[in-house]
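**Q** Data: entry35.txt, compact mmCIF, C-alpha atoms.
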# COMPACT_ATOMS: atom_id res chain seq x y z
CA MET A 162 20.23 -22.54 44.10
CA GLU A 163 21.49 -19.02 43.72
CA PRO A 164 19.76 -16.35 45.84
CA SER A 165 18.84 -14.46 42.66
CA ALA A 166 16.84 -17.48 41.52
CA TYR A 167 14.43 -17.21 44.48
CA ARG A 168 11.36 -14.99 44.32
CA PRO A 169 9.63 -14.33 47.68
CA VAL A 170 5.87 -13.91 48.05
CA ALA A 171 4.71 -10.73 46.36
CA LYS A 172 1.57 -8.64 46.25
CA LEU A 173 1.30 -6.52 43.12
CA VAL A 174 -1.24 -3.82 42.43
CA VAL A 175 -2.20 -3.66 38.74
CA ASP A 176 -1.37 -0.31 37.18
CA ALA A 177 -3.15 1.32 34.24
CA ASP A 178 -0.60 0.08 31.71
CA SER A 179 -1.02 -3.56 32.75
CA ALA A 180 -4.83 -3.52 32.95
CA GLY A 181 -6.66 -5.55 30.32
CA GLN A 182 -4.14 -8.38 30.07
CA ARG A 183 -5.07 -11.98 30.76
CA LEU A 184 -3.86 -13.13 34.16
CA ASP A 185 -1.65 -15.85 32.68
CA ASN A 186 0.04 -13.44 30.27
CA PHE A 187 0.65 -10.94 33.08
CA LEU A 188 2.25 -13.63 35.24
CA LEU A 189 4.38 -14.99 32.41
CA GLY A 190 5.71 -11.49 31.82
CA THR A 191 6.28 -10.87 35.53
CA LEU A 192 7.81 -14.25 36.41
CA LYS A 193 10.43 -14.38 33.69
CA GLY A 194 12.54 -17.52 34.03
CA VAL A 195 9.78 -19.52 35.76
CA PRO A 196 8.59 -22.39 33.51
CA ARG A 197 5.20 -21.80 31.87
CA SER A 198 3.90 -25.11 33.19
CA HIS A 199 4.68 -24.01 36.77
CA VAL A 200 2.95 -20.65 36.28
CA TYR A 201 -0.24 -22.40 35.12
CA ARG A 202 0.02 -24.86 38.01
CA LEU A 203 0.12 -21.95 40.46
CA ILE A 204 -3.05 -20.51 38.92
CA ARG A 205 -4.94 -23.83 38.83
CA SER A 206 -4.04 -24.69 42.42
CA GLY A 207 -5.24 -21.33 43.70
CA GLN A 208 -1.85 -20.20 44.95
CA VAL A 209 -2.18 -17.10 42.79
CA ARG A 210 -4.95 -14.91 44.20
CA VAL A 211 -6.61 -11.85 42.72
CA ASN A 212 -8.26 -9.63 45.34
CA SER A 213 -7.92 -12.58 47.76
CA GLY A 214 -9.87 -14.95 45.53
CA ARG A 215 -9.07 -17.78 43.12
CA THR A 216 -9.21 -16.72 39.49
CA ALA A 217 -8.96 -18.42 36.08
CA ALA A 218 -5.97 -17.96 33.80
CA SER A 219 -8.23 -16.20 31.28
CA TYR A 220 -9.30 -13.48 33.75
CA ARG A 221 -8.49 -10.01 32.45
CA ILE A 222 -6.88 -8.04 35.20
CA LYS A 223 -8.21 -4.59 36.10
CA HIS A 224 -6.56 -1.39 37.23
CA GLY A 225 -6.29 -1.59 41.02
CA ASP A 226 -6.53 -5.39 41.30
CA THR A 227 -4.22 -6.88 43.94
CA ILE A 228 -2.46 -10.03 42.78
CA ARG A 229 -0.79 -12.31 45.31
CA ILE A 230 2.07 -14.32 43.81
CA PRO A 231 3.45 -17.15 46.00
CA PRO A 232 7.18 -17.80 46.44
CA THR A 233 8.68 -19.15 43.22
CA ARG A 234 12.04 -20.42 42.14
CA ARG A 235 13.65 -20.54 38.75
CA ARG A 236 16.71 -22.41 37.63
CA ALA A 237 19.62 -20.03 37.36
CA ASP A 238 20.34 -21.44 33.93
CA SER A 239 16.72 -21.52 32.73
CA THR A 240 17.26 -18.46 30.53
CA PRO A 241 19.94 -19.18 27.93
CA LYS A 242 22.97 -16.91 28.00
CA LEU A 243 23.03 -15.52 24.50
CA GLU A 244 25.54 -13.43 22.66
CA ARG A 245 23.97 -10.59 20.69
CA GLY A 246 25.87 -11.51 17.54
CA GLY A 247 24.45 -15.04 17.66
CA LEU A 248 20.93 -13.70 17.14
CA GLN A 249 21.70 -10.77 14.86
CA TRP A 250 19.88 -12.53 12.03
CA LEU A 251 16.61 -12.07 13.95
CA GLU A 252 16.99 -8.28 13.87
CA ALA A 253 17.26 -8.53 10.08
CA ARG A 254 13.81 -10.18 10.01
CA ILE A 255 12.08 -7.14 11.52
CA ILE A 256 9.96 -5.79 8.67
CA HIS A 257 8.38 -2.88 10.56
CA GLU A 258 9.12 -1.05 13.78
CA ASP A 259 7.77 2.08 15.40
CA ALA A 260 7.38 3.41 18.93
CA ARG A 261 4.56 0.97 19.70
CA LEU A 262 5.33 -2.31 18.04
CA ILE A 263 7.59 -4.61 16.08
CA VAL A 264 6.41 -6.74 13.17
CA LEU A 265 8.67 -9.76 12.75
CA ASP A 266 8.90 -12.10 9.78
CA LYS A 267 8.96 -15.24 11.93
CA PRO A 268 10.93 -18.06 10.35
CA VAL A 269 9.53 -21.58 10.20
CA GLY A 270 10.73 -23.85 12.99
CA LEU A 271 11.07 -21.10 15.60
CA ALA A 272 8.49 -21.11 18.40
CA VAL A 273 7.03 -17.77 19.41
CA HIS A 274 7.96 -18.45 23.05
CA GLY A 275 9.98 -20.94 25.07
CA GLY A 276 8.48 -23.86 26.98
CA SER A 277 7.43 -27.47 26.37
CA GLY A 278 10.97 -28.49 25.52
CA VAL A 279 11.76 -25.27 23.63
CA ALA A 280 14.53 -23.33 25.37
CA LEU A 281 14.24 -20.20 23.29
CA GLY A 282 11.44 -18.58 21.33
CA CYS A 283 11.03 -15.34 19.38
CA ILE A 284 10.07 -13.25 22.38
CA GLU A 285 12.97 -14.48 24.55
CA ALA A 286 15.39 -13.90 21.69
CA LEU A 287 14.19 -10.33 21.16
CA ARG A 288 14.38 -9.60 24.88
CA SER A 289 17.95 -10.87 24.87
CA LEU A 290 18.82 -8.69 21.91
CA ARG A 291 17.21 -5.64 23.50
CA PRO A 292 17.71 -5.80 27.26
CA GLY A 293 16.79 -2.13 27.61
CA GLU A 294 13.24 -2.70 26.34
CA LYS A 295 11.50 -4.14 29.40
CA GLU A 296 7.93 -4.42 28.09
CA LEU A 297 8.27 -6.52 24.92
CA GLU A 298 5.27 -8.89 24.72
CA LEU A 299 3.67 -11.09 22.08
CA ALA A 300 0.41 -9.62 20.80
CA HIS A 301 -0.67 -12.93 19.25
CA ARG A 302 0.85 -16.28 18.29
CA LEU A 303 1.80 -18.34 15.28
CA ASP A 304 2.37 -22.08 15.18
CA ARG A 305 5.99 -23.12 15.22
CA GLU A 306 5.54 -24.62 11.73
CA THR A 307 4.04 -21.39 10.33
CA SER A 308 6.16 -18.54 8.98
CA GLY A 309 5.27 -14.88 8.51
CA CYS A 310 3.94 -11.75 10.23
CA LEU A 311 4.13 -11.71 14.03
CA LEU A 312 3.14 -8.67 16.13
CA ILE A 313 5.18 -7.80 19.23
CA ALA A 314 4.09 -4.89 21.43
CA LYS A 315 6.78 -2.61 22.82
CA ARG A 316 4.51 -1.01 25.43
CA ARG A 317 1.77 -2.28 27.74
CA SER A 318 -0.57 0.36 26.37
CA ALA A 319 -0.02 -0.88 22.81
CA LEU A 320 -0.54 -4.49 23.93
CA ARG A 321 -3.93 -3.61 25.42
CA ILE A 322 -5.03 -1.91 22.20
CA LEU A 323 -3.85 -4.78 20.01
CA HIS A 324 -5.59 -7.37 22.19
CA ALA A 325 -8.82 -5.37 21.99
CA LEU A 326 -8.56 -5.09 18.20
CA LEU A 327 -7.91 -8.82 17.89
CA ARG A 328 -10.87 -9.70 20.14
CA GLU A 329 -13.15 -7.43 18.13
CA GLY A 330 -12.03 -8.83 14.77
CA ARG A 331 -10.59 -5.49 13.64
CA VAL A 332 -7.22 -6.91 12.59
CA GLU A 333 -7.10 -8.26 9.04
CA LYS A 334 -4.83 -11.31 8.93
CA ARG A 335 -4.24 -13.13 5.67
CA TYR A 336 -2.41 -16.40 5.08
CA LEU A 337 -1.16 -18.26 2.02
CA ALA A 338 -1.57 -22.04 2.00
CA LEU A 339 -1.33 -25.04 -0.28
CA LEU A 340 -4.21 -27.47 0.17
CA LYS A 341 -4.77 -31.00 -1.04
CA GLY A 342 -7.14 -31.43 -3.96
CA ALA A 343 -9.26 -29.04 -6.02
CA TRP A 344 -10.63 -26.20 -3.90
CA PRO A 345 -13.76 -24.58 -5.40
CA GLU A 346 -13.53 -21.41 -7.44
CA GLY A 347 -14.15 -18.08 -5.76
CA THR A 348 -14.34 -17.51 -1.99
CA THR A 349 -15.69 -20.04 0.50
CA ARG A 350 -16.59 -19.05 4.04
CA ILE A 351 -16.18 -21.71 6.72
CA GLU A 352 -17.68 -21.15 10.15
CA VAL A 353 -17.52 -24.06 12.60
CA PRO A 354 -17.05 -24.51 16.37
CA LEU A 355 -13.59 -25.71 17.41
CA VAL A 356 -12.87 -27.73 20.56
CA ARG A 357 -9.34 -27.75 21.99
CA THR A 358 -7.94 -30.70 23.95
CA HIS A 359 -4.45 -31.84 24.92
CA ARG A 360 -2.89 -35.19 24.11
CA LEU A 361 0.59 -36.02 25.28
CA ARG A 362 1.16 -32.30 26.03
CA LYS A 363 0.25 -31.34 22.46
CA ALA A 364 -2.78 -29.26 21.59
CA ARG A 365 -5.33 -31.08 19.47
CA VAL A 366 -8.29 -29.24 17.96
CA THR A 367 -11.44 -30.77 16.51
CA VAL A 368 -14.74 -29.55 15.13
CA GLY A 369 -17.44 -30.19 17.70
CA ARG A 370 -20.38 -28.94 19.69
CA GLY A 371 -19.62 -26.65 22.56
CA GLY A 372 -16.49 -25.29 20.93
CA LYS A 373 -15.61 -21.69 20.14
CA LEU A 374 -16.84 -20.46 16.79
CA ALA A 375 -14.07 -19.99 14.20
CA THR A 376 -14.57 -18.11 10.95
CA SER A 377 -12.31 -18.10 7.88
CA GLU A 378 -12.65 -17.23 4.21
CA PHE A 379 -10.68 -19.34 1.72
CA ARG A 380 -10.10 -17.81 -1.73
CA LEU A 381 -8.69 -19.89 -4.56
CA LEU A 382 -5.64 -18.27 -6.16
CA GLU A 383 -4.41 -21.07 -8.40
CA ARG A 384 -4.91 -24.74 -9.14
CA VAL A 385 -1.52 -26.47 -8.81
CA GLY A 386 -1.58 -29.39 -11.19
CA SER A 387 -4.33 -31.85 -10.38
CA GLU A 388 -3.13 -32.52 -6.85
CA ALA A 389 -3.35 -29.22 -4.96
CA SER A 390 -4.78 -25.71 -4.66
CA PHE A 391 -2.98 -22.50 -3.72
CA VAL A 392 -5.29 -20.34 -1.60
CA GLU A 393 -5.40 -17.15 0.43
CA VAL A 394 -7.13 -17.40 3.80
CA SER A 395 -8.54 -14.46 5.72
CA ILE A 396 -9.37 -15.26 9.33
CA GLY A 397 -12.08 -13.56 11.31
CA THR A 398 -11.11 -15.26 14.58
CA GLY A 399 -7.78 -16.45 15.94
CA ARG A 400 -8.39 -19.95 17.31
CA THR A 401 -5.59 -22.45 17.82
CA HIS A 402 -4.79 -24.32 14.57
CA GLN A 403 -7.86 -22.69 13.01
CA ILE A 404 -6.90 -22.83 9.33
CA ARG A 405 -5.38 -26.29 9.61
CA VAL A 406 -8.43 -27.81 11.26
CA GLN A 407 -10.96 -26.08 9.02
CA ALA A 408 -9.10 -27.11 5.87
CA ALA A 409 -8.90 -30.74 7.02
CA HIS A 410 -12.58 -30.68 8.03
CA ALA A 411 -13.44 -29.51 4.52
CA GLY A 412 -11.52 -32.45 3.02
CA HIS A 413 -8.57 -30.34 1.82
CA PRO A 414 -5.84 -30.54 4.49
CA VAL A 415 -2.87 -28.18 4.45
CA ALA A 416 0.12 -29.59 2.57
CA GLY A 417 2.81 -30.92 4.89
CA ASP A 418 0.66 -30.72 8.03
CA ASP A 419 1.79 -33.67 10.15
CA ARG A 420 -0.98 -33.25 12.74
CA TYR A 421 -4.17 -32.82 10.69
CA GLY A 422 -2.93 -33.61 7.19
CA ASP A 423 -3.06 -36.56 4.82
CA ARG A 424 -0.12 -38.89 5.48
CA GLU A 425 0.11 -40.31 1.96
CA PHE A 426 -0.22 -36.88 0.34
CA ASN A 427 2.47 -35.50 2.64
CA ALA A 428 4.83 -38.34 1.78
CA TRP A 429 4.38 -37.57 -1.91
CA LEU A 430 5.04 -33.88 -1.26
CA VAL A 431 8.35 -34.69 0.45
CA ARG A 432 9.43 -36.60 -2.64
CA VAL A 433 8.76 -33.57 -4.85
CA GLY A 434 10.56 -31.17 -2.52
CA LEU A 435 8.22 -29.79 0.18
CA LYS A 436 10.05 -30.09 3.50
CA ARG A 437 7.63 -28.20 5.80
CA MET A 438 4.00 -27.29 6.31
CA PHE A 439 2.83 -24.93 3.57
CA LEU A 440 1.24 -22.17 5.66
CA HIS A 441 2.51 -18.58 5.70
CA ALA A 442 1.13 -15.51 7.52
CA HIS A 443 1.28 -13.24 4.49
CA SER A 444 -0.12 -9.91 5.69
CA ILE A 445 -1.60 -8.05 8.61
CA ALA A 446 -3.45 -4.72 8.68
CA PHE A 447 -5.37 -2.63 11.19
CA GLU A 448 -6.02 0.96 12.23
CA TRP A 449 -4.92 2.39 15.57
CA PRO A 450 -8.24 3.41 17.17
CA ASP A 451 -6.79 6.28 19.18
CA THR A 452 -5.08 7.99 16.23
CA GLY A 453 -6.81 6.60 13.14
CA VAL A 454 -3.40 5.82 11.63
CA PRO A 455 -3.49 2.65 9.52
CA LEU A 456 -0.79 0.00 9.54
CA ALA A 457 -0.42 -2.60 6.81
CA VAL A 458 2.55 -4.93 6.35
CA SER A 459 3.12 -8.01 4.23
CA VAL A 460 5.77 -10.67 3.80
CA PRO A 461 6.11 -12.46 0.44
CA LEU A 462 6.01 -16.22 0.21
CA PRO A 463 9.39 -17.60 1.41
CA GLU A 464 11.73 -18.98 -1.24
CA ASP A 465 11.40 -22.57 -0.04
CA LEU A 466 7.61 -22.44 -0.46
CA GLN A 467 7.94 -20.75 -3.86
CA ARG A 468 10.21 -23.57 -5.00
CA ALA A 469 7.82 -26.16 -3.60
CA LEU A 470 4.89 -24.57 -5.43
CA VAL A 471 6.76 -24.84 -8.73
CA ALA A 472 7.91 -28.37 -7.95
CA VAL A 473 4.40 -29.60 -7.17
CA SER A 474 3.08 -27.97 -10.34
CA GLU A 475 5.76 -29.55 -12.52
CA ALA A 476 6.07 -32.92 -10.78
CA ARG A 477 3.38 -34.69 -12.77
CA SER A 478 4.33 -33.37 -16.18
CA LYS A 479 8.04 -34.12 -15.70
CA GLY A 480 7.51 -37.45 -14.00
CA ARG A 481 9.37 -36.52 -10.83
CA ALA A 482 6.94 -38.13 -8.41
CA ASP A 483 7.53 -41.76 -7.49
CA ARG A 484 3.83 -42.19 -6.92
CA ALA A 485 0.87 -39.85 -7.31
CA PRO A 486 -1.35 -39.01 -4.36
CA PRO A 487 -4.54 -41.01 -3.90
CA PRO A 488 -6.83 -40.52 -6.93
CA GLY A 489 -10.28 -39.04 -6.74
CA ALA A 490 -11.66 -35.56 -6.31
CA SER A 491 -11.78 -34.11 -2.83
CA PRO A 492 -15.23 -33.21 -1.49
CA ARG A 493 -16.51 -29.67 -1.60
CA PRO A 494 -15.84 -27.80 1.66
CA ARG A 495 -18.65 -27.81 4.19
CA SER A 496 -19.61 -24.28 5.20
CA ARG A 497 -22.47 -22.30 6.60
CA ALA A 498 -22.22 -19.56 4.07
CA GLY A 499 -20.35 -18.91 0.87
CA ARG A 500 -19.90 -16.52 -1.94
Represent the structure contained in this file as structure tokens.
**A**
Amino acid sequence: MEPSAYRPVAKLVVDADSAGQRLDNFLLGTLKGVPRSHVYRLIRSGQVRVNSGRTAASYRIKHGDTIRIPPTRRRADSTPKLERGGLQWLEARIIHEDARLIVLDKPVGLAVHGGSGVALGCIEALRSLRPGEKELELAHRLDRETSGCLLIAKRRSALRILHALLREGRVEKRYLALLKGAWPEGTTRIEVPLVRTHRLRKARVTVGRGGKLATSEFRLLERVGSEASFVEVSIGTGRTHQIRVQAAHAGHPVAGDDRYGDREFNAWLVRVGLKRMFLHAHSIAFEWPDTGVPLAVSVPLPEDLQRALVAVSEARSKGRADRAPPPGASPRPRSRAGR
């Protein structure tokens, strides 16, 4: 073990720029190179102390808090050695940048952060590309299988503001999705509690009592043949797998979703050309509360999903499908309110 890979015990006093972060996010940013699983183990076991007491990972640290971090080690090779040119394509996917943040058009298949068998995620790649920018942090997350708008804060102060806006529902996030079956006309609001569990190290979310309330509005854009519906989804909360679980709960799972989707429908979609989950973070908009300056960015539907949309629409009429999806109309979505 190289000496540089050893981190002695440390006591850190939270400064004003770091205040407001979750404890786990603060530690992940501080202990770069230490596996995420180990960081969470340190918190759960009580080895990380805040003001001399045990604290949950979700605790939001305050200005002046004293955080004790026990000795930690990281593998010297745990952070990939990357050449800038090898990741230049990621710079080209930045669709907006200013002094406070970066908005990245995240490609499908790329995790937002490393861990759980993923050596490199978006945030690690950007840090490698920009070693001089020490405070780059994810403001929110997207599933690995989802493409589109991803916010990355360049300053701690910006991260605190973005987290507050997200908690208060003041960030408008819209997604484009292809769903199985005939979604109803107009806009349907779905509001259900979601419960998160883990199975074989993978997050699994279900609708159930005691869960956190999740709110989304699904608006029909286009019926795609008789098999699917192209919709826009606006989310009022940011729960894990929210759109995917709500769509499946309503009887209209997201096309290509291998966790909550319809296996037979997905197999048919592969035959007509859809090679991934059809979910894209299309746009994001908010207003900076301290300046009143609005920000609105959008990313069009990727070419592979555009081609899939056409292929699904034409498959029946041109006889491309080996076998149609299961017959029968899908049930109307269950919701607490609608319009």
**Q** Work out how far CA of Ala217 (chain A) is from CA of Val200 (chain A), in Å to one decimal.
**A**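 Going from CA of Val200 (chain A) over to CA of Ala217 (chain A), I get 12.1 Å.
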**Q** To one decimal in Å, tell me the separation between CA of Ala325 (chain A) and CA of Arg261 (chain A).
**A**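 About the pair CA of Ala325 (chain A) and CA of Arg261 (chain A): they are 15.0 Å apart.
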**Q** The residues within 10 Å of (-4.7, -34.1, 3.2), using only C-alpha atoms and the coordinates of the file, should be reported as a PyMOL selection string; which are they?
**A** chain A and resi 340-342+389+408-419+421-427+486-487+491
**Q** Taking C-alpha atoms for each residue, export the selection above as a JSON list (two decimals), in the frame of the given file.
**A**
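What ended up in again-v5.json:
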[["chain", "number", "residue", "atom", "x", "y", "z"],
["A", 340, "LEU", "CA", -4.21, -27.47, 0.17],
["A", 341, "LYS", "CA", -4.77, -31.00, -1.04],
["A", 342, "GLY", "CA", -7.14, -31.43, -3.96],
["A", 389, "ALA", "CA", -3.35, -29.22, -4.96],
["A", 408, "ALA", "CA", -9.10, -27.11, 5.87],
["A", 409, "ALA", "CA", -8.90, -30.74, 7.02],
["A", 410, "HIS", "CA", -12.58, -30.68, 8.03],
["A", 411, "ALA", "CA", -13.44, -29.51, 4.52],
["A", 412, "GLY", "CA", -11.52, -32.45, 3.02],
["A", 413, "HIS", "CA", -8.57, -30.34, 1.82],
["A", 414, "PRO", "CA", -5.84, -30.54, 4.49],
["A", 415, "VAL", "CA", -2.87, -28.18, 4.45],
["A", 416, "ALA", "CA", 0.12, -29.59, 2.57],
["A", 417, "GLY", "CA", 2.81, -30.92, 4.89],
["A", 418, "ASP", "CA", 0.66, -30.72, 8.03],
["A", 419, "ASP", "CA", 1.79, -33.67, 10.15],
["A", 421, "TYR", "CA", -4.17, -32.82, 10.69],
["A", 422, "GLY", "CA", -2.93, -33.61, 7.19],
["A", 423, "ASP", "CA", -3.06, -36.56, 4.82],
["A", 424, "ARG", "CA", -0.12, -38.89, 5.48],
["A", 425, "GLU", "CA", 0.11, -40.31, 1.96],
["A", 426, "PHE", "CA", -0.22, -36.88, 0.34],
["A", 427, "ASN", "CA", 2.47, -35.50, 2.64],
["A", 486, "PRO", "CA", -1.35, -39.01, -4.36],
["A", 487, "PRO", "CA", -4.54, -41.01, -3.90],
["A", 491, "SER", "CA", -11.78, -34.11, -2.83]]
**Q** Just to confirm, what's the straight-line distance from CA of Asp266 (chain A) to CA of Glu285 (chain A) in Å (one decimal)?
**A**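 Here the two named atoms are 15.5 Å from each other.
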**Q** Which residues are near Ala253 (chain A)? Cut-off 12 Å, all atoms listed in the file, ignore same chain within fewer than 6 positions. Put them as JSON, numbers by chain.
**A** {"A": [246, 264, 265, 266, 267, 268, 287, 290]}
**Q** With all atoms listed in the file as the basis for distance, which of A:Glu258, A:Ser377, A:Glu294, A:Ser387 is at the shortest distance from Val458 (chain A)?
**A**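 Result for the nearest residue to Val458 (chain A): A:Glu258.
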**Q** Give me the residues within 12 Å of Ser395 (chain A) as a PyMOL selection string, counting only C-alpha atoms and dropping any in the same chain fewer than 3 places off.
**A** chain A and resi 330+332-338+348-351+375-381+392+398-399+403-404+441-446
**Q** Need the shell around Thr307 (chain A): protein/DNA/RNA residues with any atom at most 9 Å away, counting only C-alpha atoms. Skip same-chain ones fewer than 2 positions apart. Format as a ChimeraX atom specification?
**A** /A:267-271,303-305,309,437-442
**Q** Using all atoms listed in the file for the distances, tell me which of A:Arg331, A:His301, A:Lys193, A:Lys373 is nearest to Leu355 (chain A).
**A**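 Among the listed residues, the smallest separation from Leu355 (chain A) belongs to A:Lys373.
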**Q** Set the distance at 12 Å and use all atoms listed in the file: which residues neighbour Arg205 (chain A) once local chain neighbours fewer than 4 positions away are removed? I'd like the list as a ChimeraX atom specification.
**A** /A:184-185,198-201,209-210,215-219
**Q** Region 311-313 of chain A: which residues within 6 Å, counting all atoms listed in the file, same-chain residues fewer than 5 positions away excluded, as a PyMOL selection string?
**A** chain A and resi 262-265+298-300
**Q** Using all atoms listed in the file, which of A:Arg229, A:Arg202, A:Arg288, A:Arg197 sits nearest Lys172 (chain A)?
**A**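 Comparing A:Arg229, A:Arg202, A:Arg288, A:Arg197 against Lys172 (chain A), the winner is A:Arg229.
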**Q** Taking all atoms listed in the file into account, name the residue in A:Glu346, A:Arg420, A:Val473, A:Leu320 that is nearest to Arg365 (chain A).
**A**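 When distances to Arg365 (chain A) are compared using all atoms listed in the file, the smallest one comes from A:Arg420.
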**Q** Here is a test: counting only C-alpha atoms, which residue of A:Leu248, A:Cys310, A:Glu383, A:His257 is nearest to Ala286 (chain A)?
**A**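 So, comparing all the options, the nearest one is A:Leu248.
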**Q** From the structure block, carefully write region 199-213 of chain A out with N, CA, C and O atoms; format it as a PDB file, in the first residue's frame.
**A**
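New file result-v4.pdb:
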ATOM      1  N   HIS A 199     -17.750   1.369   1.417  1.00  0.00           N
ATOM      2  CA  HIS A 199     -16.980   1.518   2.654  1.00  0.00           C
ATOM      3  C   HIS A 199     -17.386   2.794   3.389  1.00  0.00           C
ATOM      4  O   HIS A 199     -17.477   2.803   4.630  1.00  0.00           O
ATOM      5  N   VAL A 200     -17.641   3.871   2.638  1.00  0.00           N
ATOM      6  CA  VAL A 200     -18.069   5.123   3.261  1.00  0.00           C
ATOM      7  C   VAL A 200     -19.379   4.909   4.021  1.00  0.00           C
ATOM      8  O   VAL A 200     -19.525   5.327   5.177  1.00  0.00           O
ATOM      9  N   TYR A 201     -20.338   4.222   3.402  1.00  0.00           N
ATOM     10  CA  TYR A 201     -21.615   3.973   4.072  1.00  0.00           C
ATOM     11  C   TYR A 201     -21.444   3.041   5.260  1.00  0.00           C
ATOM     12  O   TYR A 201     -22.147   3.169   6.276  1.00  0.00           O
ATOM     13  N   ARG A 202     -20.512   2.102   5.171  1.00  0.00           N
ATOM     14  CA  ARG A 202     -20.246   1.205   6.292  1.00  0.00           C
ATOM     15  C   ARG A 202     -19.697   1.986   7.491  1.00  0.00           C
ATOM     16  O   ARG A 202     -20.061   1.723   8.638  1.00  0.00           O
ATOM     17  N   LEU A 203     -18.835   2.966   7.218  1.00  0.00           N
ATOM     18  CA  LEU A 203     -18.294   3.797   8.295  1.00  0.00           C
ATOM     19  C   LEU A 203     -19.396   4.586   8.996  1.00  0.00           C
ATOM     20  O   LEU A 203     -19.383   4.747  10.222  1.00  0.00           O
ATOM     21  N   ILE A 204     -20.366   5.063   8.216  1.00  0.00           N
ATOM     22  CA  ILE A 204     -21.472   5.823   8.817  1.00  0.00           C
ATOM     23  C   ILE A 204     -22.354   4.903   9.649  1.00  0.00           C
ATOM     24  O   ILE A 204     -22.690   5.201  10.805  1.00  0.00           O
ATOM     25  N   ARG A 205     -22.747   3.751   9.068  1.00  0.00           N
ATOM     26  CA  ARG A 205     -23.652   2.826   9.766  1.00  0.00           C
ATOM     27  C   ARG A 205     -23.045   2.294  11.059  1.00  0.00           C
ATOM     28  O   ARG A 205     -23.745   2.094  12.054  1.00  0.00           O
ATOM     29  N   SER A 206     -21.746   2.045  11.053  1.00  0.00           N
ATOM     30  CA  SER A 206     -21.085   1.465  12.226  1.00  0.00           C
ATOM     31  C   SER A 206     -20.778   2.497  13.301  1.00  0.00           C
ATOM     32  O   SER A 206     -20.324   2.142  14.398  1.00  0.00           O
ATOM     33  N   GLY A 207     -21.012   3.769  13.009  1.00  0.00           N
ATOM     34  CA  GLY A 207     -20.775   4.814  13.992  1.00  0.00           C
ATOM     35  C   GLY A 207     -19.342   5.286  14.062  1.00  0.00           C
ATOM     36  O   GLY A 207     -18.982   6.071  14.959  1.00  0.00           O
ATOM     37  N   GLN A 208     -18.510   4.859  13.124  1.00  0.00           N
ATOM     38  CA  GLN A 208     -17.115   5.309  13.134  1.00  0.00           C
ATOM     39  C   GLN A 208     -16.991   6.766  12.694  1.00  0.00           C
ATOM     40  O   GLN A 208     -16.044   7.453  13.062  1.00  0.00           O
ATOM     41  N   VAL A 209     -17.945   7.211  11.878  1.00  0.00           N
ATOM     42  CA  VAL A 209     -18.032   8.640  11.559  1.00  0.00           C
ATOM     43  C   VAL A 209     -18.907   9.283  12.626  1.00  0.00           C
ATOM     44  O   VAL A 209     -20.016   8.818  12.908  1.00  0.00           O
ATOM     45  N   ARG A 210     -18.395  10.339  13.245  1.00  0.00           N
ATOM     46  CA  ARG A 210     -19.127  11.032  14.305  1.00  0.00           C
ATOM     47  C   ARG A 210     -19.311  12.498  13.943  1.00  0.00           C
ATOM     48  O   ARG A 210     -18.396  13.125  13.401  1.00  0.00           O
ATOM     49  N   VAL A 211     -20.484  13.016  14.230  1.00  0.00           N
ATOM     50  CA  VAL A 211     -20.759  14.441  14.050  1.00  0.00           C
ATOM     51  C   VAL A 211     -21.027  15.027  15.422  1.00  0.00           C
ATOM     52  O   VAL A 211     -21.948  14.600  16.122  1.00  0.00           O
ATOM     53  N   ASN A 212     -20.173  15.974  15.818  1.00  0.00           N
ATOM     54  CA  ASN A 212     -20.268  16.574  17.159  1.00  0.00           C
ATOM     55  C   ASN A 212     -20.271  15.493  18.237  1.00  0.00           C
ATOM     56  O   ASN A 212     -21.056  15.516  19.190  1.00  0.00           O
ATOM     57  N   SER A 213     -19.416  14.475  18.009  1.00  0.00           N
ATOM     58  CA  SER A 213     -19.175  13.363  18.941  1.00  0.00           C
ATOM     59  C   SER A 213     -20.304  12.354  19.005  1.00  0.00           C
ATOM     60  O   SER A 213     -20.262  11.428  19.822  1.00  0.00           O
TER      61      SER A 213
END
